[in-house]
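data-v8.pdb, holding PDB, C-alpha atoms, pLDDT in the B column:
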ATOM      1  CA  MET A 221      32.608  44.518  16.969  1.00 74.00           C
ATOM      2  CA  ASN A 222      35.668  43.589  18.946  1.00 87.00           C
ATOM      3  CA  PRO A 223      38.444  42.118  16.695  1.00 86.00           C
ATOM      4  CA  VAL A 224      38.827  39.090  18.996  1.00 87.00           C
ATOM      5  CA  ARG A 225      35.093  38.337  18.832  1.00 90.00           C
ATOM      6  CA  ARG A 226      35.096  38.793  15.063  1.00 90.00           C
ATOM      7  CA  GLN A 227      37.985  36.347  14.756  1.00 91.00           C
ATOM      8  CA  ARG A 228      36.199  33.776  16.963  1.00 91.00           C
ATOM      9  CA  LEU A 229      32.958  34.186  14.997  1.00 91.00           C
ATOM     10  CA  LEU A 230      34.817  33.701  11.710  1.00 92.00           C
ATOM     11  CA  LEU A 231      36.542  30.591  13.097  1.00 92.00           C
ATOM     12  CA  VAL A 232      33.218  29.098  14.263  1.00 92.00           C
ATOM     13  CA  LEU A 233      31.568  29.813  10.899  1.00 93.00           C
ATOM     14  CA  LEU A 234      34.456  28.188   9.000  1.00 94.00           C
ATOM     15  CA  LEU A 235      34.321  25.169  11.306  1.00 94.00           C
ATOM     16  CA  LEU A 236      30.554  24.802  10.762  1.00 93.00           C
ATOM     17  CA  ALA A 237      30.987  25.124   6.982  1.00 93.00           C
ATOM     18  CA  GLY A 238      33.686  22.434   7.040  1.00 93.00           C
ATOM     19  CA  VAL A 239      31.546  20.032   9.077  1.00 94.00           C
ATOM     20  CA  ALA A 240      28.534  20.627   6.790  1.00 93.00           C
ATOM     21  CA  THR A 241      30.679  19.936   3.716  1.00 93.00           C
ATOM     22  CA  ALA A 242      32.048  16.713   5.238  1.00 92.00           C
ATOM     23  CA  ILE A 243      28.545  15.491   6.110  1.00 92.00           C
ATOM     24  CA  ALA A 244      27.244  16.310   2.627  1.00 89.00           C
ATOM     25  CA  LEU A 245      30.119  14.424   0.971  1.00 89.00           C
ATOM     26  CA  ALA A 246      29.633  11.409   3.253  1.00 86.00           C
ATOM     27  CA  LEU A 247      25.899  11.255   2.528  1.00 83.00           C
ATOM     28  CA  PHE A 248      26.523  11.550  -1.217  1.00 82.00           C
ATOM     29  CA  ALA A 249      29.077   8.705  -1.110  1.00 78.00           C
ATOM     30  CA  LEU A 250      26.728   6.494   0.897  1.00 74.00           C
ATOM     31  CA  ASN A 251      23.856   7.159  -1.495  1.00 70.00           C
ATOM     32  CA  GLU A 252      25.994   6.154  -4.483  1.00 64.00           C
ATOM     33  CA  ASN A 253      27.043   2.832  -2.887  1.00 64.00           C
ATOM     34  CA  ILE A 254      23.638   1.591  -1.736  1.00 70.00           C
ATOM     35  CA  ASN A 255      22.217  -1.323  -3.728  1.00 71.00           C
ATOM     36  CA  HIS A 256      18.466  -1.571  -3.268  1.00 81.00           C
ATOM     37  CA  TYR A 257      16.809  -4.988  -3.469  1.00 85.00           C
ATOM     38  CA  PHE A 258      14.028  -5.547  -6.002  1.00 86.00           C
ATOM     39  CA  SER A 259      11.864  -8.626  -6.483  1.00 86.00           C
ATOM     40  CA  PRO A 260      11.053  -9.989  -9.949  1.00 88.00           C
ATOM     41  CA  ASN A 261       7.580  -8.439  -9.643  1.00 86.00           C
ATOM     42  CA  GLN A 262       9.083  -5.005  -9.003  1.00 87.00           C
ATOM     43  CA  MET A 263      11.584  -5.412 -11.853  1.00 88.00           C
ATOM     44  CA  ALA A 264       8.879  -6.452 -14.324  1.00 87.00           C
ATOM     45  CA  ASN A 265       6.506  -3.664 -13.218  1.00 86.00           C
ATOM     46  CA  GLY A 266       9.102  -0.962 -13.835  1.00 85.00           C
ATOM     47  CA  GLU A 267       9.787  -0.086 -10.204  1.00 87.00           C
ATOM     48  CA  ALA A 268      13.492  -0.942 -10.527  1.00 87.00           C
ATOM     49  CA  PRO A 269      15.736   1.604 -12.242  1.00 88.00           C
ATOM     50  CA  ILE A 270      17.302   0.727 -15.597  1.00 89.00           C
ATOM     51  CA  GLY A 271      21.089   0.897 -15.816  1.00 87.00           C
ATOM     52  CA  LYS A 272      21.678   1.364 -12.088  1.00 88.00           C
ATOM     53  CA  THR A 273      23.312  -1.304  -9.917  1.00 88.00           C
ATOM     54  CA  ILE A 274      20.658  -3.107  -7.883  1.00 89.00           C
ATOM     55  CA  ARG A 275      20.181  -6.385  -6.052  1.00 88.00           C
ATOM     56  CA  GLY A 276      17.537  -8.774  -7.237  1.00 87.00           C
ATOM     57  CA  GLY A 277      16.528 -12.272  -6.422  1.00 86.00           C
ATOM     58  CA  GLY A 278      13.944 -14.973  -6.561  1.00 86.00           C
ATOM     59  CA  ILE A 279      13.454 -18.676  -7.218  1.00 87.00           C
ATOM     60  CA  VAL A 280      15.093 -20.154 -10.315  1.00 89.00           C
ATOM     61  CA  VAL A 281      12.264 -21.364 -12.546  1.00 90.00           C
ATOM     62  CA  PRO A 282      12.585 -25.114 -13.262  1.00 91.00           C
ATOM     63  CA  GLU A 283      13.657 -26.005 -16.814  1.00 92.00           C
ATOM     64  CA  SER A 284      14.596 -22.383 -17.613  1.00 91.00           C
ATOM     65  CA  VAL A 285      18.391 -22.666 -17.298  1.00 91.00           C
ATOM     66  CA  GLU A 286      20.188 -22.361 -20.639  1.00 93.00           C
ATOM     67  CA  ARG A 287      23.975 -22.534 -20.899  1.00 92.00           C
ATOM     68  CA  ASP A 288      25.960 -21.151 -23.819  1.00 91.00           C
ATOM     69  CA  PRO A 289      28.196 -24.024 -25.015  1.00 91.00           C
ATOM     70  CA  ASP A 290      30.944 -21.616 -26.150  1.00 91.00           C
ATOM     71  CA  SER A 291      31.240 -19.500 -22.993  1.00 91.00           C
ATOM     72  CA  LEU A 292      30.391 -19.327 -19.295  1.00 90.00           C
ATOM     73  CA  THR A 293      27.183 -17.378 -20.005  1.00 92.00           C
ATOM     74  CA  VAL A 294      24.039 -18.756 -18.406  1.00 93.00           C
ATOM     75  CA  THR A 295      20.498 -17.429 -18.773  1.00 94.00           C
ATOM     76  CA  PHE A 296      17.543 -18.419 -16.625  1.00 93.00           C
ATOM     77  CA  LEU A 297      14.284 -17.083 -15.252  1.00 92.00           C
ATOM     78  CA  ILE A 298      13.565 -16.072 -11.661  1.00 91.00           C
ATOM     79  CA  GLU A 299      10.161 -15.562 -10.067  1.00 87.00           C
ATOM     80  CA  THR A 300       8.551 -14.980  -6.699  1.00 81.00           C
ATOM     81  CA  GLY A 301       5.017 -16.142  -7.352  1.00 70.00           C
ATOM     82  CA  GLY A 302       4.111 -13.538  -9.939  1.00 78.00           C
ATOM     83  CA  ALA A 303       6.172 -12.133 -12.750  1.00 85.00           C
ATOM     84  CA  GLU A 304       9.245 -13.795 -14.200  1.00 89.00           C
ATOM     85  CA  VAL A 305      12.453 -11.957 -15.072  1.00 92.00           C
ATOM     86  CA  GLU A 306      15.223 -13.252 -17.306  1.00 93.00           C
ATOM     87  CA  VAL A 307      18.689 -13.242 -15.750  1.00 94.00           C
ATOM     88  CA  GLU A 308      21.955 -13.371 -17.659  1.00 94.00           C
ATOM     89  CA  TYR A 309      25.181 -14.231 -15.833  1.00 94.00           C
ATOM     90  CA  THR A 310      28.673 -14.832 -17.171  1.00 93.00           C
ATOM     91  CA  GLY A 311      30.961 -16.712 -14.821  1.00 91.00           C
ATOM     92  CA  ILE A 312      31.132 -19.783 -12.654  1.00 89.00           C
ATOM     93  CA  LEU A 313      27.835 -20.468 -10.919  1.00 88.00           C
ATOM     94  CA  PRO A 314      27.756 -20.936  -7.131  1.00 88.00           C
ATOM     95  CA  ASP A 315      27.891 -24.540  -5.907  1.00 84.00           C
ATOM     96  CA  LEU A 316      24.360 -24.352  -4.462  1.00 84.00           C
ATOM     97  CA  PHE A 317      22.833 -23.017  -7.699  1.00 87.00           C
ATOM     98  CA  ARG A 318      20.062 -25.225  -9.094  1.00 86.00           C
ATOM     99  CA  GLU A 319      16.535 -25.000 -10.444  1.00 88.00           C
ATOM    100  CA  GLY A 320      13.906 -24.360  -7.796  1.00 85.00           C
ATOM    101  CA  GLN A 321      16.520 -22.793  -5.491  1.00 85.00           C
ATOM    102  CA  GLY A 322      16.587 -19.170  -4.322  1.00 86.00           C
ATOM    103  CA  ILE A 323      19.265 -16.824  -5.646  1.00 87.00           C
ATOM    104  CA  VAL A 324      20.255 -13.219  -5.029  1.00 88.00           C
ATOM    105  CA  GLY A 325      22.301 -11.289  -7.554  1.00 89.00           C
ATOM    106  CA  THR A 326      23.889  -7.905  -7.998  1.00 91.00           C
ATOM    107  CA  GLY A 327      23.682  -6.336 -11.427  1.00 92.00           C
ATOM    108  CA  LYS A 328      21.755  -3.977 -13.708  1.00 93.00           C
ATOM    109  CA  LEU A 329      18.522  -4.065 -15.664  1.00 92.00           C
ATOM    110  CA  ASP A 330      18.847  -3.451 -19.386  1.00 90.00           C
ATOM    111  CA  ASN A 331      16.235  -1.670 -21.512  1.00 89.00           C
ATOM    112  CA  ASN A 332      14.341  -4.951 -22.032  1.00 88.00           C
ATOM    113  CA  ARG A 333      13.969  -5.455 -18.242  1.00 88.00           C
ATOM    114  CA  ARG A 334      16.528  -8.264 -18.387  1.00 93.00           C
ATOM    115  CA  PHE A 335      18.679  -8.554 -15.242  1.00 93.00           C
ATOM    116  CA  ILE A 336      22.380  -8.689 -16.182  1.00 94.00           C
ATOM    117  CA  ALA A 337      24.052 -10.087 -13.059  1.00 93.00           C
ATOM    118  CA  ASP A 338      27.647  -9.355 -12.119  1.00 92.00           C
ATOM    119  CA  GLU A 339      27.508 -11.560  -9.023  1.00 91.00           C
ATOM    120  CA  LEU A 340      25.221 -14.419  -7.964  1.00 90.00           C
ATOM    121  CA  LEU A 341      24.698 -15.895  -4.536  1.00 87.00           C
ATOM    122  CA  ALA A 342      22.709 -19.080  -4.075  1.00 83.00           C
ATOM    123  CA  LYS A 343      20.619 -19.221  -0.935  1.00 69.00           C
ATOM    124  CA  HIS A 344      20.616 -22.477   0.994  1.00 66.00           C
ATOM    125  CA  ASP A 345      17.439 -23.593   2.644  1.00 59.00           C
ATOM    126  CA  GLU A 346      16.755 -22.802   6.278  1.00 57.00           C
ATOM    127  CA  ASN A 347      17.307 -26.448   7.284  1.00 61.00           C
ATOM    128  CA  TYR A 348      20.953 -26.469   6.208  1.00 56.00           C
ATOM    129  CA  MET A 349      23.456 -27.254   8.937  1.00 54.00           C
ATOM    130  CA  PRO A 350      27.237 -27.170   8.434  1.00 55.00           C
ATOM    131  CA  PRO A 351      28.812 -30.634   8.890  1.00 67.00           C
ATOM    132  CA  GLU A 352      30.915 -29.464  11.851  1.00 60.00           C
ATOM    133  CA  VAL A 353      27.836 -28.239  13.722  1.00 58.00           C
ATOM    134  CA  GLN A 354      25.904 -31.411  12.916  1.00 63.00           C
ATOM    135  CA  LYS A 355      28.822 -33.523  14.237  1.00 66.00           C
ATOM    136  CA  ALA A 356      28.954 -31.498  17.460  1.00 64.00           C
ATOM    137  CA  ILE A 357      25.201 -31.949  17.967  1.00 64.00           C
ATOM    138  CA  ASP A 358      25.473 -35.691  17.310  1.00 70.00           C
ATOM    139  CA  GLU A 359      28.318 -35.999  19.808  1.00 64.00           C
ATOM    140  CA  ALA A 360      26.396 -34.000  22.431  1.00 63.00           C
ATOM    141  CA  HIS A 361      23.383 -36.301  22.100  1.00 65.00           C
ATOM    142  CA  ALA A 362      25.352 -39.553  22.095  1.00 65.00           C
ATOM    143  CA  THR A 363      24.728 -41.671  25.165  1.00 57.00           C
ATOM    144  CA  PRO A 364      27.746 -42.585  27.316  1.00 59.00           C
ATOM    145  CA  GLY A 365      29.576 -45.558  25.871  1.00 56.00           C
ATOM    146  CA  GLN A 366      28.416 -44.850  22.335  1.00 52.00           C
ATOM    147  CA  SER A 367      30.440 -43.088  19.706  1.00 49.00           C
ATOM    148  CA  ALA A 368      28.836 -40.306  17.656  1.00 46.00           C
ATOM    149  CA  GLY A 369      29.054 -42.484  14.561  1.00 50.00           C
ATOM    150  CA  SER A 370      26.910 -45.196  16.106  1.00 46.00           C
ATOM    151  CA  VAL A 371      24.014 -43.015  17.263  1.00 46.00           C
ATOM    152  CA  GLY A 372      20.750 -44.492  16.051  1.00 45.00           C
ATOM    153  CA  VAL A 373      22.422 -47.522  14.473  1.00 45.00           C
ATOM    154  CA  SER A 374      21.416 -50.909  15.771  1.00 41.00           C
ATOM    155  CA  GLY A 375      23.674 -53.713  15.042  1.00 41.00           C
TER     156      GLY A 375
END

Written as structure tokens, that's how I'd like the structure from this file.
Amino acid sequence: MNPVRRQRLLLVLLLLAGVATAIALALFALNENINHYFSPNQMANGEAPIGKTIRGGGIVVPESVERDPDSLTVTFLIETGGAEVEVEYTGILPDLFREGQGIVGTGKLDNNRRFIADELLAKHDENYMPPEVQKAIDEAHATPGQSAGSVGVSG
């Protein structure tokens, strides 16, 4: 084989090996950082992995919230119409957190299928509208000569 061709072939093979290595490392890193979502039913049925970071969520069961008086630890149950899973969270709860409200958390399942949350997000209902947007809508629907504050008010 011609030395120039051999050198080009070697260069192409090294380039392909480098690209394959970069793709393999990128896929491995992405796989390690993905948090799969599991419902309470899946967590209770053993479909969620123990000890691996996952996302889980459901509706906070009414009258299940218990606060530790000596710390910021809160335990409560979540459900989605089937199984219930106990959640433990240490920290300040989100402002929208309340019983009967949906939550999503990131954390790990322990050996007892208890969800130990590192982060909690409370889901607002689909009818929520930020005050600024509501004000803009009210102003857009105000009739000429009326202020937005007097819409629908008879005096």

**Study point:** Straight-line distance linking CA of Gly302 in chain A with CA of Gln262 in chain A, stated in Å to one decimal
**Key:** 9.9 Å

Point to revise | Answer key for the PyMOL selection byres ((chain A and resi 276) around 7), residues as a PyMOL selection string | key: chain A and resi 257-259+274-275+277+324-326

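In this structure, CA of Gln321 in chain A sits 25.2 Å away from CA of Asp290 in chain A.
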
Practice item. To one decimal in Å, tell me the separation between CA of Arg318 in chain A and CA of Ile279 in chain A. Key: 9.5 Å

Quick one: apply the PyMOL selection byres ((chain A and resi 336) around 12) to the file and drop the selected residues here as a PDB file with C-alpha atoms, keeping the file's coordinate frame.
ATOM      1  CA  ILE A 270      17.302   0.727 -15.597  1.00 89.00           C
ATOM      2  CA  GLY A 271      21.089   0.897 -15.816  1.00 87.00           C
ATOM      3  CA  LYS A 272      21.678   1.364 -12.088  1.00 88.00           C
ATOM      4  CA  THR A 273      23.312  -1.304  -9.917  1.00 88.00           C
ATOM      5  CA  ILE A 274      20.658  -3.107  -7.883  1.00 89.00           C
ATOM      6  CA  ARG A 275      20.181  -6.385  -6.052  1.00 88.00           C
ATOM      7  CA  GLY A 276      17.537  -8.774  -7.237  1.00 87.00           C
ATOM      8  CA  GLY A 277      16.528 -12.272  -6.422  1.00 86.00           C
ATOM      9  CA  THR A 293      27.183 -17.378 -20.005  1.00 92.00           C
ATOM     10  CA  VAL A 294      24.039 -18.756 -18.406  1.00 93.00           C
ATOM     11  CA  THR A 295      20.498 -17.429 -18.773  1.00 94.00           C
ATOM     12  CA  PHE A 296      17.543 -18.419 -16.625  1.00 93.00           C
ATOM     13  CA  LEU A 297      14.284 -17.083 -15.252  1.00 92.00           C
ATOM     14  CA  VAL A 305      12.453 -11.957 -15.072  1.00 92.00           C
ATOM     15  CA  GLU A 306      15.223 -13.252 -17.306  1.00 93.00           C
ATOM     16  CA  VAL A 307      18.689 -13.242 -15.750  1.00 94.00           C
ATOM     17  CA  GLU A 308      21.955 -13.371 -17.659  1.00 94.00           C
ATOM     18  CA  TYR A 309      25.181 -14.231 -15.833  1.00 94.00           C
ATOM     19  CA  THR A 310      28.673 -14.832 -17.171  1.00 93.00           C
ATOM     20  CA  GLY A 311      30.961 -16.712 -14.821  1.00 91.00           C
ATOM     21  CA  GLY A 325      22.301 -11.289  -7.554  1.00 89.00           C
ATOM     22  CA  THR A 326      23.889  -7.905  -7.998  1.00 91.00           C
ATOM     23  CA  GLY A 327      23.682  -6.336 -11.427  1.00 92.00           C
ATOM     24  CA  LYS A 328      21.755  -3.977 -13.708  1.00 93.00           C
ATOM     25  CA  LEU A 329      18.522  -4.065 -15.664  1.00 92.00           C
ATOM     26  CA  ASP A 330      18.847  -3.451 -19.386  1.00 90.00           C
ATOM     27  CA  ASN A 331      16.235  -1.670 -21.512  1.00 89.00           C
ATOM     28  CA  ASN A 332      14.341  -4.951 -22.032  1.00 88.00           C
ATOM     29  CA  ARG A 333      13.969  -5.455 -18.242  1.00 88.00           C
ATOM     30  CA  ARG A 334      16.528  -8.264 -18.387  1.00 93.00           C
ATOM     31  CA  PHE A 335      18.679  -8.554 -15.242  1.00 93.00           C
ATOM     32  CA  ALA A 337      24.052 -10.087 -13.059  1.00 93.00           C
ATOM     33  CA  ASP A 338      27.647  -9.355 -12.119  1.00 92.00           C
ATOM     34  CA  GLU A 339      27.508 -11.560  -9.023  1.00 91.00           C
ATOM     35  CA  LEU A 340      25.221 -14.419  -7.964  1.00 90.00           C
TER      36      LEU A 340
END

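Nearest residue to Thr300 in chain A, choosing from A:Gly266, A:Phe248, A:Arg226, A:Gly278 and counting only C-alpha atoms: A:Gly278.
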
For the PyMOL selection byres ((chain A and resi 319) around 10), applied here, can you spell out every residue it catches as a JSON list (two decimals) with C-alpha atoms, keeping the file's coordinate frame?
[["chain", "number", "residue", "atom", "x", "y", "z"],
["A", 279, "ILE", "CA", 13.45, -18.68, -7.22],
["A", 280, "VAL", "CA", 15.09, -20.15, -10.32],
["A", 281, "VAL", "CA", 12.26, -21.36, -12.55],
["A", 282, "PRO", "CA", 12.58, -25.11, -13.26],
["A", 283, "GLU", "CA", 13.66, -26.00, -16.81],
["A", 284, "SER", "CA", 14.60, -22.38, -17.61],
["A", 285, "VAL", "CA", 18.39, -22.67, -17.30],
["A", 296, "PHE", "CA", 17.54, -18.42, -16.62],
["A", 297, "LEU", "CA", 14.28, -17.08, -15.25],
["A", 298, "ILE", "CA", 13.56, -16.07, -11.66],
["A", 316, "LEU", "CA", 24.36, -24.35, -4.46],
["A", 317, "PHE", "CA", 22.83, -23.02, -7.70],
["A", 318, "ARG", "CA", 20.06, -25.22, -9.09],
["A", 320, "GLY", "CA", 13.91, -24.36, -7.80],
["A", 321, "GLN", "CA", 16.52, -22.79, -5.49],
["A", 322, "GLY", "CA", 16.59, -19.17, -4.32],
["A", 323, "ILE", "CA", 19.26, -16.82, -5.65]]
